[in-house]
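To start, the structure itself, in C-alpha cells.
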Amino acid sequence: MNEQARVTLQEELQQQKDKFDETAPDETKITYKKGIDEVVESGLVEKALQVGESAPDFVLNNAKGERVKLSDHLKNGPVVLTWYRGGWCPYCNLTLYHLQQTLPVFKALGTQLLALTPELPDKSLSTLEKNNLAFEVLSDIDNRVGKQYGIVFQLHEGVAKIYGQKFSLSAYNGNKENELPLAATYIIGQDGIIEYAFLDADYRNRANPEDLVAFLKNKK
C-alpha cells in the first residue's frame with residue numbers, strides 16, 4: 001500500500017478545507033458559508049430518507065450507457081449508495097478515490113457500491129476514467145432519484161453564480177436548474193430498507209469508508 005493510500009479520507013478532506021481557507025477570497029468563503037447555512041436552515045437533512053425507511057428502486061444509465069437497476073444489485077447483497085456532486089468537486093474526487101481503495105473490502109463483505117451523480121454521462125465517464133473507478137457510476141439526470149430520496153437542494157444564488165463562472169455547472173448537468181444533491185451515503189439492506197444514513201448539510205463532510213466497513217462487519 002502506498003503512502004497516499006495510508007492517509008485517511010478525513011485527513012485529506014481537512015487538508016482540502018485548509019487549502020481553501022488559506023487561498024480563497026474572503027467573499028467566496030462568505031458566500032459558500034451562506035450556501036451551507038441555507039441548506040441547514042431548510043431542514044433538508046431531517047426531511048431526507050432516514051434509517052428504517054424504504055429505499056426507492058430506480059433504473060439509471062452508467063457511464064457506458066448501460067441500464068443499472070438498484071433491486072437487481074440488492075439480490076446479490078447490501079448496497080452502499082453514495083452521491084457525488086461532480087468531477088469538478090475536489091472533495092468528491094477525494095471521496096471517490098478512497099471508496100475505490102476500499103472496494104476490495106466491500107466486495108469481500110458481499111457488498112456492492114453504486115455512485116450517483118447529476119453529471120451527464122460523458123462527464124461521469126470522464127470522472128470514472130480519471131479516478132480509475134471499478135464500481136458503477138450512474139447519471140441521475142435532473143436529480144430525479146436524488147429527489148425521491150429527498151436530498152436535493154437549490155444552490156444559493158451567490159454559489160450558483162460562482163459555479164457558473166468557474167466551471168459552468170449547467171454544462172456538467174445539462175440543465176440550468178442550479179440544483180445539487182447532498183453528498184449523502186446510504187447502506188441499503190437486501191430487503192430494500194435503509195440501514196445506515198450519512199446526511200450532512202456541509203458538502204465537505206463525507207461518510208468514512210472505515211465507518212461503512214465497520215457497520216457492514218457488525219451486521220455479519
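Chain lettering (A, B, ...) mirrors the order of the C-alpha cells, residue numbering begins at 1 for each chain separately, and ligand numbering begins at 1 in order of display.
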Do a neighbour search on Val105 (chain A) at 10 Å with only C-alpha atoms, toss out local chain neighbours closer than 6 positions, and write the hits as JSON, numbers by chain. {"A": [99, 111, 209, 210, 213]}
Near region 180-193 of chain A, within 7 Å and counting only C-alpha atoms, which residues show up once chain neighbours fewer than 2 positions away are dropped, as number ranges by chain? A: 52-55, 74-75, 77-85, 146, 151-155, 178, 195-201, 203, 206-207
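Using only C-alpha atoms, the contacts of region 128-135 of chain A at a cut-off of 7 Å, with sequence neighbours closer than 2 positions omitted, comprise A:Tyr97, A:Gln100, A:Leu113, A:Leu114, A:Ser124, A:Leu125, A:Ser126, A:Val137.
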Using only N, CA and C atoms, please write the residues we just selected to a file, as a short mmCIF file (atom, residue, chain, number, x, y, z; two decimals), in the first residue's frame.
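Final output, saved to selection-v5.cif:
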```cif
data_model
loop_
_atom_site.label_atom_id
_atom_site.label_comp_id
_atom_site.auth_asym_id
_atom_site.auth_seq_id
_atom_site.Cartn_x
_atom_site.Cartn_y
_atom_site.Cartn_z
N TYR A 97 -11.83 8.39 -4.67
CA TYR A 97 -10.54 7.69 -4.59
C TYR A 97 -10.53 6.73 -3.40
N GLN A 100 -12.78 3.77 -3.89
CA GLN A 100 -12.13 2.80 -4.77
C GLN A 100 -11.10 1.97 -4.01
N LEU A 113 -21.16 -1.35 -4.49
CA LEU A 113 -21.05 0.10 -4.38
C LEU A 113 -21.60 0.75 -5.64
N LEU A 114 -22.57 1.65 -5.45
CA LEU A 114 -23.13 2.42 -6.55
C LEU A 114 -22.97 3.90 -6.23
N SER A 124 -19.58 11.97 -16.42
CA SER A 124 -19.35 10.93 -15.41
C SER A 124 -18.35 9.89 -15.92
N LEU A 125 -18.33 9.65 -17.23
CA LEU A 125 -17.34 8.74 -17.80
C LEU A 125 -15.94 9.31 -17.61
N SER A 126 -15.81 10.63 -17.80
CA SER A 126 -14.53 11.29 -17.57
C SER A 126 -14.09 11.15 -16.12
N VAL A 137 -20.85 4.02 -11.76
CA VAL A 137 -21.11 5.45 -11.63
C VAL A 137 -22.34 5.75 -12.49
#
```
Looking only at the backbone, which of the residues in chain A does DSSP tag as strand (DSSP E or B), as a PyMOL selection string? chain A and resi 54+59-62+67-69+79-83+112-117+136-139+152-154+179-181+185-188+193-198
All helix (DSSP H, G or I) positions in region 1-57 of chain A, as a ChimeraX atom specification: /A:3-6,9-23,26-42,44-47
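Distances here use only C-alpha atoms; by that measure, the residue among A:Gly35, A:Gly150, A:Pro104, A:Pro90 closest to Thr127 (chain A) is A:Pro90.
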Need the shell around Gln148 (chain A): protein/DNA/RNA residues with any atom at most 10 Å away, counting only C-alpha atoms. Skip same-chain ones fewer than 6 positions apart. Format as a PyMOL selection string? chain A and resi 48-49+55-58
Store the residues picked out above, limited to N, CA and C atoms, as an mmCIF file, in the first residue's frame.
```
data_model
loop_
_atom_site.group_PDB
_atom_site.id
_atom_site.type_symbol
_atom_site.label_atom_id
_atom_site.label_comp_id
_atom_site.auth_asym_id
_atom_site.auth_seq_id
_atom_site.Cartn_x
_atom_site.Cartn_y
_atom_site.Cartn_z
ATOM 1 N N ALA A 48 -34.839 14.292 4.512
ATOM 2 C CA ALA A 48 -34.366 13.229 3.628
ATOM 3 C C ALA A 48 -34.726 11.857 4.186
ATOM 4 N N LEU A 49 -34.686 10.849 3.346
ATOM 5 C CA LEU A 49 -34.971 9.493 3.799
ATOM 6 C C LEU A 49 -33.982 9.083 4.884
ATOM 7 N N ALA A 55 -35.975 2.237 0.592
ATOM 8 C CA ALA A 55 -35.189 2.927 -0.432
ATOM 9 C C ALA A 55 -35.894 2.793 -1.774
ATOM 10 N N PRO A 56 -36.274 3.889 -2.406
ATOM 11 C CA PRO A 56 -36.930 3.797 -3.718
ATOM 12 C C PRO A 56 -36.043 3.066 -4.730
ATOM 13 N N ASP A 57 -36.648 2.147 -5.463
ATOM 14 C CA ASP A 57 -35.918 1.464 -6.534
ATOM 15 C C ASP A 57 -35.732 2.438 -7.700
ATOM 16 N N PHE A 58 -34.755 2.175 -8.538
ATOM 17 C CA PHE A 58 -34.533 3.045 -9.691
ATOM 18 C C PHE A 58 -33.752 2.295 -10.763
#
```
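Take the candidates A:Thr95, A:Gln165, A:Asn61, A:Asn175 and check each one against Asp122 (chain A) using only C-alpha atoms; the shortest distance goes to A:Asn61.
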Would you pick out the contacts of Leu94 (chain A) at 8 Å or less, using only C-alpha atoms, so that residues sharing its chain but fewer than 2 positions from it are not included, and give the list as number ranges by chain? A: 9, 12-13, 90-92, 96-98
Residue nearest Ala160 (chain A) among A:Arg67, A:Lys19, A:Lys34, A:His73 (counting only C-alpha atoms): A:Lys34
Could you give me, as a tab-separated table, every region 90-121 of chain A residue with an atom at most 12 Å from region 167-172 of chain A, plus its closest atom pair and distance in Å to one decimal, counting only C-alpha atoms, rows ordered by chain then number?
```
residue	atom	partner	partner_atom	distance
A:Thr117	CA	A:Tyr172	CA	10.2
A:Pro118	CA	A:Tyr172	CA	8.0
A:Glu119	CA	A:Tyr172	CA	5.3
A:Leu120	CA	A:Tyr172	CA	6.0
A:Pro121	CA	A:Tyr172	CA	9.2
```
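Note that CA of Thr23 (chain A) and CA of Gly158 (chain A) are 18.7 Å apart.
You can rank A:Asn218, A:Ser42, A:Gln16, A:Thr8 by their closest distance to Gln101 (chain A) using only C-alpha atoms, and at the top of that list sits A:Thr8.
In this model, the gap between CA of Leu60 (chain A) and CA of Glu46 (chain A) comes to 25.8 Å.
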